[in-house]
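Asks: Hey, dropping entry.cif in here, mmCIF, C-alpha atoms:
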```
data_my_file
#
loop_
_atom_site.label_atom_id
_atom_site.label_comp_id
_atom_site.auth_asym_id
_atom_site.auth_seq_id
_atom_site.Cartn_x
_atom_site.Cartn_y
_atom_site.Cartn_z
CA MET M 1 -3.00 -24.60 -16.65
CA ARG M 2 -6.40 -23.22 -17.41
CA PRO M 3 -6.90 -21.26 -20.61
CA THR M 4 -7.20 -17.62 -19.87
CA THR M 5 -9.91 -15.55 -21.42
CA PHE M 6 -8.78 -12.07 -22.22
CA PRO M 7 -11.20 -9.24 -21.80
CA SER M 8 -11.67 -6.87 -24.69
CA PHE M 9 -8.49 -4.97 -25.34
CA GLY M 10 -8.12 -1.37 -24.46
CA ALA M 11 -9.54 -0.64 -21.07
CA LEU M 12 -7.92 -3.63 -19.42
CA ASP M 13 -4.32 -4.66 -19.33
CA PRO M 14 -3.87 -7.78 -21.44
CA PHE M 15 -0.61 -8.54 -19.67
CA ALA M 16 -2.04 -8.60 -16.20
CA ASP M 17 -2.38 -12.37 -16.23
CA MET M 18 1.15 -12.77 -17.47
CA ARG M 19 2.50 -10.63 -14.68
CA ARG M 20 0.40 -12.48 -12.17
CA MET M 21 1.86 -15.74 -13.36
CA GLN M 22 5.35 -14.32 -13.13
CA ALA M 23 4.67 -13.17 -9.60
CA ALA M 24 3.38 -16.64 -8.75
CA MET M 25 6.57 -18.14 -10.18
CA ASN M 26 8.73 -15.79 -8.18
CA ARG M 27 6.90 -16.76 -5.08
CA LEU M 28 7.37 -20.40 -5.87
CA PHE M 29 11.12 -20.18 -6.26
CA ASP M 30 11.83 -17.59 -3.67
CA GLY M 31 10.63 -18.43 -0.23
CA THR M 32 11.97 -15.26 1.29
CA ARG M 33 11.06 -11.67 0.63
CA THR M 34 11.30 -10.89 -3.05
CA PRO M 35 13.54 -7.90 -3.68
CA THR M 36 11.04 -6.08 -5.85
CA ARG M 37 11.73 -2.67 -4.41
CA PRO M 38 13.11 -0.29 -7.03
CA ALA M 39 16.40 1.50 -6.51
CA THR M 40 14.69 4.76 -5.70
CA TYR M 41 12.34 4.39 -2.80
CA PRO M 42 9.89 5.70 -1.87
CA PRO M 43 8.23 6.94 -5.05
CA VAL M 44 7.06 10.52 -4.68
CA ASN M 45 4.51 12.76 -6.34
CA PHE M 46 4.91 16.49 -6.70
CA TRP M 47 2.29 19.18 -6.85
CA ALA M 48 3.07 22.75 -7.85
CA GLY M 49 1.42 25.87 -6.49
CA GLN M 50 2.06 29.55 -7.07
CA ASP M 51 5.23 29.80 -5.00
CA SER M 52 5.17 26.51 -3.20
CA ILE M 53 5.45 22.83 -3.84
CA VAL M 54 3.88 19.77 -2.24
CA MET M 55 5.57 16.40 -2.14
CA THR M 56 3.69 13.23 -1.22
CA ALA M 57 4.94 9.70 -0.61
CA GLU M 58 3.22 6.49 0.43
CA LEU M 59 4.86 4.95 3.46
CA PRO M 60 2.36 2.48 4.89
CA GLY M 61 3.19 1.00 8.25
CA LEU M 62 5.46 3.78 9.37
CA SER M 63 4.55 6.28 12.02
CA GLU M 64 5.54 9.93 12.30
CA ASP M 65 8.46 8.99 14.51
CA ASP M 66 9.92 6.56 11.97
CA ILE M 67 10.35 9.21 9.30
CA GLU M 68 13.16 11.72 9.23
CA LEU M 69 12.74 14.62 6.90
CA THR M 70 15.55 17.07 6.19
CA VAL M 71 15.66 20.02 3.85
CA LYS M 72 18.64 22.00 2.73
CA ASP M 73 18.44 24.64 0.03
CA ARG M 74 17.07 22.73 -2.95
CA MET M 75 17.43 19.23 -1.58
CA VAL M 76 14.87 17.32 0.44
CA SER M 77 15.75 13.99 2.01
CA ILE M 78 13.46 11.33 3.42
CA ARG M 79 14.91 8.69 5.64
CA GLY M 80 13.00 5.99 7.41
CA THR M 81 13.06 2.55 8.89
CA TYR M 82 10.19 0.14 8.75
CA PRO M 83 9.39 -1.49 12.06
CA ALA M 84 10.96 -4.90 12.48
CA GLU M 85 8.82 -7.64 11.05
CA GLU M 86 6.93 -10.02 13.21
CA GLU M 87 9.02 -12.53 14.98
CA GLY M 88 8.32 -15.15 17.50
CA GLU M 89 7.93 -18.78 18.18
CA GLY M 90 6.09 -20.87 15.68
CA ILE M 91 5.55 -18.32 12.94
CA VAL M 92 4.91 -19.92 9.61
CA TRP M 93 5.24 -17.49 6.74
CA HIS M 94 3.04 -17.79 3.70
CA ARG M 95 3.66 -14.53 1.98
CA ARG M 96 5.96 -11.56 2.42
CA GLU M 97 5.32 -8.78 -0.01
CA ARG M 98 5.42 -5.68 2.15
CA ALA M 99 8.38 -3.36 2.25
CA GLY M 100 10.84 -3.52 5.09
CA GLY M 101 14.22 -2.24 6.14
CA THR M 102 15.72 1.21 5.87
CA PHE M 103 15.53 3.68 3.03
CA LEU M 104 16.98 7.06 2.20
CA ARG M 105 16.08 9.22 -0.72
CA SER M 106 17.24 12.72 -1.62
CA ILE M 107 15.30 14.68 -4.17
CA ASP M 108 16.25 17.84 -6.02
CA LEU M 109 13.58 20.51 -5.85
CA PRO M 110 12.92 22.97 -8.66
CA PHE M 111 13.70 25.89 -6.32
CA ARG M 112 15.16 26.76 -2.95
CA VAL M 113 12.71 26.33 -0.07
CA ASP M 114 12.35 28.22 3.18
CA PRO M 115 13.25 25.75 5.94
CA ASP M 116 11.16 27.69 8.46
CA ARG M 117 7.95 27.39 6.50
CA ILE M 118 7.65 23.70 5.85
CA GLU M 119 4.56 21.82 6.83
CA ALA M 120 4.78 18.05 6.94
CA ARG M 121 1.85 15.78 7.72
CA PHE M 122 1.54 12.04 7.93
CA GLU M 123 -1.92 10.60 7.55
CA ASN M 124 -3.09 7.08 6.77
CA GLY M 125 0.37 6.08 5.65
CA VAL M 126 0.85 9.00 3.30
CA LEU M 127 3.45 11.67 3.93
CA SER M 128 2.77 15.11 2.52
CA VAL M 129 5.21 17.98 2.75
CA GLU M 130 4.34 21.52 1.76
CA MET M 131 7.33 23.73 1.06
CA GLN M 132 7.41 27.45 0.34
CA ARG M 133 9.73 29.42 -1.80
CA PRO M 134 11.58 32.03 0.27
CA GLU M 135 10.58 35.63 -0.28
CA ASP M 136 13.98 36.71 -1.55
CA ASP M 137 13.97 33.92 -4.11
CA LYS M 138 10.69 34.74 -5.76
CA PRO M 139 10.83 36.26 -9.20
CA ARG M 140 10.09 39.96 -8.98
CA ARG M 141 8.51 42.15 -11.52
CA ILE M 142 10.73 45.06 -12.49
CA GLN M 143 9.13 48.33 -13.31
CA ILE M 144 10.39 49.73 -16.57
CA LYS M 145 10.55 53.48 -16.72
CA ALA M 146 9.99 55.44 -19.82
CA ALA M 147 12.90 57.56 -20.83
CA MET D 1 -3.73 -20.71 5.28
CA ALA D 2 -5.02 -18.28 2.72
CA GLN D 3 -5.04 -18.89 -0.99
CA GLU D 4 -5.32 -16.00 -3.35
CA LEU D 5 -8.33 -15.84 -5.58
CA ALA D 6 -7.21 -14.15 -8.76
CA PRO D 7 -9.96 -12.95 -11.03
CA GLN D 8 -9.45 -14.85 -14.27
CA ALA D 9 -11.14 -12.52 -16.67
CA GLY D 10 -9.49 -9.33 -15.57
CA PRO D 11 -9.56 -7.17 -12.50
CA ASP D 12 -13.02 -5.76 -13.10
CA VAL D 13 -14.81 -9.02 -12.53
CA ALA D 14 -14.36 -8.70 -8.81
CA ARG D 15 -16.23 -5.45 -8.86
CA GLY D 16 -19.93 -5.48 -8.17
CA ASN D 17 -22.33 -5.05 -11.04
CA GLY D 18 -22.75 -1.50 -12.18
CA GLU D 19 -20.53 -0.27 -9.44
CA ALA D 20 -18.60 2.71 -10.59
CA GLY D 21 -14.86 2.51 -10.27
CA GLY D 22 -13.76 4.86 -7.55
CA ALA D 23 -10.63 6.89 -7.94
CA GLY D 24 -8.90 5.62 -11.01
CA PRO D 25 -7.20 2.25 -10.97
CA THR D 26 -7.64 -0.53 -8.45
CA PHE D 27 -4.50 -1.90 -6.90
CA THR D 28 -3.62 -5.18 -5.33
CA PRO D 29 -2.32 -4.33 -1.88
CA ALA D 30 0.95 -5.92 -0.83
CA VAL D 31 0.32 -8.44 1.94
CA ASP D 32 2.19 -10.38 4.54
CA ILE D 33 0.52 -13.60 5.60
CA PHE D 34 1.67 -15.85 8.37
CA GLU D 35 0.35 -18.29 10.87
CA GLN D 36 0.99 -17.92 14.52
CA GLY D 37 -0.47 -20.28 17.02
CA ASP D 38 -4.02 -20.99 16.02
CA ALA D 39 -4.48 -17.80 14.01
CA THR D 40 -3.75 -16.69 10.48
CA ILE D 41 -2.57 -13.11 10.34
CA ILE D 42 -2.91 -11.01 7.23
CA ILE D 43 -1.27 -7.60 6.99
CA ALA D 44 -2.13 -5.46 3.97
CA ASP D 45 -0.72 -2.10 2.88
CA MET D 46 -3.39 0.38 1.89
CA PRO D 47 -1.79 3.81 2.04
CA GLY D 48 -4.16 6.74 1.60
CA VAL D 49 -7.20 4.88 2.87
CA ALA D 50 -8.98 6.25 5.92
CA PRO D 51 -9.90 3.68 8.60
CA GLU D 52 -13.62 4.13 7.91
CA ASP D 53 -13.14 3.34 4.22
CA VAL D 54 -11.73 -0.11 4.76
CA GLU D 55 -14.08 -3.00 4.19
CA VAL D 56 -13.33 -6.55 5.15
CA THR D 57 -15.87 -9.22 4.39
CA LEU D 58 -15.80 -12.90 5.04
CA GLU D 59 -18.41 -14.90 3.24
CA ARG D 60 -18.11 -18.62 3.66
CA GLN D 61 -14.38 -19.06 3.04
CA VAL D 62 -13.90 -16.03 0.82
CA LEU D 63 -12.15 -13.11 2.43
CA THR D 64 -12.33 -9.79 0.63
CA LEU D 65 -10.14 -6.86 1.58
CA GLN D 66 -11.20 -3.57 0.12
CA GLY D 67 -10.07 0.00 0.62
CA ARG D 68 -11.41 3.14 -0.96
CA VAL D 69 -9.13 6.09 -1.54
CA LYS D 70 -10.38 9.63 -1.49
CA PRO D 71 -8.08 11.29 -3.97
CA GLU D 72 -6.48 14.15 -2.18
CA VAL D 73 -5.50 17.10 -4.29
CA PRO D 74 -3.79 19.82 -2.32
CA GLU D 75 -5.85 22.93 -2.79
CA GLY D 76 -4.59 25.39 -5.34
CA TYR D 77 -2.04 22.93 -6.64
CA ARG D 78 -1.60 21.21 -9.95
CA ARG D 79 0.09 17.90 -10.57
CA LEU D 80 3.74 18.32 -11.44
CA SER D 81 5.11 14.79 -11.54
CA SER D 82 3.93 11.37 -10.47
CA GLU D 83 5.96 8.35 -9.57
CA TYR D 84 3.07 6.49 -8.02
CA ARG D 85 -0.64 6.45 -8.63
CA GLU D 86 -3.49 6.55 -6.17
CA GLY D 87 -6.40 4.21 -6.37
CA ASP D 88 -8.63 1.79 -4.54
CA TYR D 89 -7.37 -1.50 -3.19
CA LEU D 90 -8.90 -4.91 -3.62
CA ARG D 91 -7.69 -8.38 -2.86
CA VAL D 92 -9.54 -11.63 -2.41
CA PHE D 93 -8.42 -14.77 -0.65
CA THR D 94 -10.00 -18.10 0.02
CA LEU D 95 -9.29 -19.48 3.44
CA SER D 96 -8.76 -23.16 3.78
CA ASP D 97 -9.70 -23.32 7.44
CA ASP D 98 -12.87 -22.40 9.19
CA VAL D 99 -12.48 -19.13 10.98
CA ASP D 100 -14.01 -18.35 14.31
CA GLN D 101 -15.95 -15.30 13.18
CA SER D 102 -16.59 -14.07 16.68
CA ARG D 103 -12.91 -13.76 17.41
CA ILE D 104 -11.72 -11.97 14.27
CA ASN D 105 -9.59 -9.00 15.11
CA ALA D 106 -9.16 -6.15 12.64
CA ASP D 107 -7.00 -3.14 13.16
CA PHE D 108 -6.18 -0.31 10.78
CA ARG D 109 -3.36 2.06 11.50
CA ASN D 110 -1.10 4.23 9.35
CA GLY D 111 -2.52 2.81 6.16
CA VAL D 112 -1.98 -0.80 7.18
CA LEU D 113 -4.70 -3.34 7.82
CA ARG D 114 -3.95 -6.12 10.26
CA LEU D 115 -6.34 -9.03 10.43
CA GLU D 116 -6.24 -11.84 12.91
CA LEU D 117 -8.28 -14.82 11.90
CA PRO D 118 -8.38 -17.46 14.60
CA ARG D 119 -9.23 -20.99 13.53
CA SER D 120 -12.50 -22.19 14.86
CA ALA D 121 -12.45 -24.99 17.36
CA GLU D 122 -13.70 -27.50 14.79
CA ALA D 123 -10.84 -26.65 12.47
CA GLN D 124 -8.17 -27.14 15.12
CA PRO D 125 -6.10 -30.20 14.57
CA ARG D 126 -7.33 -32.87 16.92
CA LYS D 127 -5.37 -35.70 18.17
CA ILE D 128 -7.03 -38.99 17.57
CA SER D 129 -6.11 -41.60 20.01
CA VAL D 130 -5.60 -44.99 18.52
CA LYS D 131 -6.88 -47.76 20.60
CA ALA D 132 -5.09 -50.98 20.68
CA ALA D 133 -7.23 -53.91 19.82
#
```
Can the structure in the file be given as structure tokens, please?
Replies:
Amino acid sequence: MRPTTFPSFGALDPFADMRRMQAAMNRLFDGTRTPTRPATYPPVNFWAGQDSIVMTAELPGLSEDDIELTVKDRMVSIRGTYPAEEEGEGIVWHRRERAGGTFLRSIDLPFRVDPDRIEARFENGVLSVEMQRPEDDKPRRIQIKAA
Amino acid sequence: MAQELAPQAGPDVARGNGEAGGAGPTFTPAVDIFEQGDATIIIADMPGVAPEDVEVTLERQVLTLQGRVKPEVPEGYRRLSSEYREGDYLRVFTLSDDVDQSRINADFRNGVLRLELPRSAEAQPRKISVKAA
């Protein structure tokens, strides 16, 4: 094993090499796909607007048709199946790190969304869903009358 | 076969001199590598990268896969919660076989790069006939 020179601490992760070694070990002892996928998949990011919310998720390798998006009240669900991995005569695998199989995730939203005003796009492997709060659910300012 | 070239002194070494880091962190894309017939096939996940921002270079035996992410902030929105981070992708491999550069096939679709690297004729295993004395 070669001695590893650490870069100056702070900006760089001093444990990167350690993790890399661990990954190399895993690969050594596990010839098949390593089950590294966390229990909740896919990870999602949320963006908040005035009366709307945007959810994004990275789903590389899927196409629009592989993703099923359902919304009910305050719950949004993403379901999808990755295309079957390459198969055929004489394939010799060296590395399998990419995600595969089927996933389903349901996420609680901070408010009810209008199912008729949802815009979902899928571009370069990233799903983004813009959801609007229904009119009757928006907080309303109440005029206070003087006596 | 492709062997990974891991930068020993930290991830920034692989970056060019004085080159500014793009959008935040640089990630190692997940890859599938397999051999089929006379070609090595490398599939790399680079979600969020546009096809024109993918750069694949092969210099001698060193194959560099690079993808630049344009951070996309929905207009009029602020970040609420993040379970994943966006950033550029970089991964370097050294290939053990000579690759026929004229027949390399690269395809980028739905955030996934697929590279087909056919072995050059010289690198193909050749059968040597043994002559009897």
Asks: For the structure provided, state which residues fall under the PyMOL selection byres ((chain M) within 7 of (chain D)), and present them as a ChimeraX atom specification.
Replies: /M:4-7,43-49,58-63,90-98,123-126
Asks: If you measure from CA of Glu52 in chain D to CA of Glu116 in chain D, what distance in Å do you get, rounded to one decimal?
Replies: 18.3 Å
Asks: When you draw a straight line from CA of Val69 in chain D to CA of Val54 in chain M, how long is it in Å?
Replies: 18.9 Å
Asks: For each of M:Ile107, M:Ala99, M:Met55, M:Ala146, take the minimum atom-to-atom distance to Arg74 in chain M, counting all atoms listed in the file, then give the residue where this is smallest.
Replies: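 Nearest to Arg74 in chain M: M:Ile107.
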Asks: Rounded to one decimal place, report the CA of Met131 in chain M-CA of Arg117 in chain M distance in Å.
Replies: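 Going from CA of Met131 in chain M over to CA of Arg117 in chain M, I get 6.6 Å.
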Asks: I want to know what sits within 10 Å of Ser77 in chain M, based on only C-alpha atoms, with residues of the same chain fewer than 5 positions away left out; could you give that as a PyMOL selection string?
Replies: chain M and resi 68-72+104-108
Asks: How would you write as a PyMOL selection string the residues that get within 8 Å of (12.3, -2.7, 8.4) in the file's frame, counting all atoms listed in the file?
Replies: chain M and resi 81-85+99-102
Asks: Take the residues from that selection and write them out as a PDB file, keeping the file's coordinate frame, keeping C-alpha atoms.
Replies:
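Wrote it out as again-v5.pdb, contents follow:
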```pdb
ATOM      1  CA  THR M  81      13.060   2.550   8.890  1.00  0.00           C
ATOM      2  CA  TYR M  82      10.190   0.140   8.750  1.00  0.00           C
ATOM      3  CA  PRO M  83       9.390  -1.490  12.060  1.00  0.00           C
ATOM      4  CA  ALA M  84      10.960  -4.900  12.480  1.00  0.00           C
ATOM      5  CA  GLU M  85       8.820  -7.640  11.050  1.00  0.00           C
ATOM      6  CA  ALA M  99       8.380  -3.360   2.250  1.00  0.00           C
ATOM      7  CA  GLY M 100      10.840  -3.520   5.090  1.00  0.00           C
ATOM      8  CA  GLY M 101      14.220  -2.240   6.140  1.00  0.00           C
ATOM      9  CA  THR M 102      15.720   1.210   5.870  1.00  0.00           C
TER      10      THR M 102
END
```
Asks: Do you know which residues are at most 7 Å from Pro118 in chain D counting all atoms listed in the file, after dropping those on the same chain fewer than 6 positions away, and could you put them as a list in words?
Replies: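 Close residues of Pro118 in chain D: Asp38, Ala39, Thr40, Val99, Asp100, Arg103 and Ile104 of chain D.
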Asks: Set the distance at 7 Å and use all atoms listed in the file: which residues neighbour Ala120 in chain M once local chain neighbours fewer than 4 positions away are removed? I'd like the list as number ranges by chain.
Replies: M: 128-130
Asks: Skipping near chain neighbours, those fewer than 4 positions away, what residues fall within 8 Å of Phe27 in chain D using only C-alpha atoms, listed as a short mmCIF file (atom, residue, chain, number, x, y, z; two decimals) with C-alpha atoms, in the coordinates of the input?
Replies:
```
data_model
loop_
_atom_site.label_atom_id
_atom_site.label_comp_id
_atom_site.auth_asym_id
_atom_site.auth_seq_id
_atom_site.Cartn_x
_atom_site.Cartn_y
_atom_site.Cartn_z
CA GLY D 87 -6.40 4.21 -6.37
CA ASP D 88 -8.63 1.79 -4.54
CA TYR D 89 -7.37 -1.50 -3.19
CA LEU D 90 -8.90 -4.91 -3.62
#
```
Asks: Find the spatial neighbours of range 135-144 of chain M, counting all atoms listed in the file, within a cut-off of 12 Å - ignore same-chain residues fewer than 5 positions away - and output them as a ChimeraX atom specification.
Replies: /M:50-52,73-74,110-117
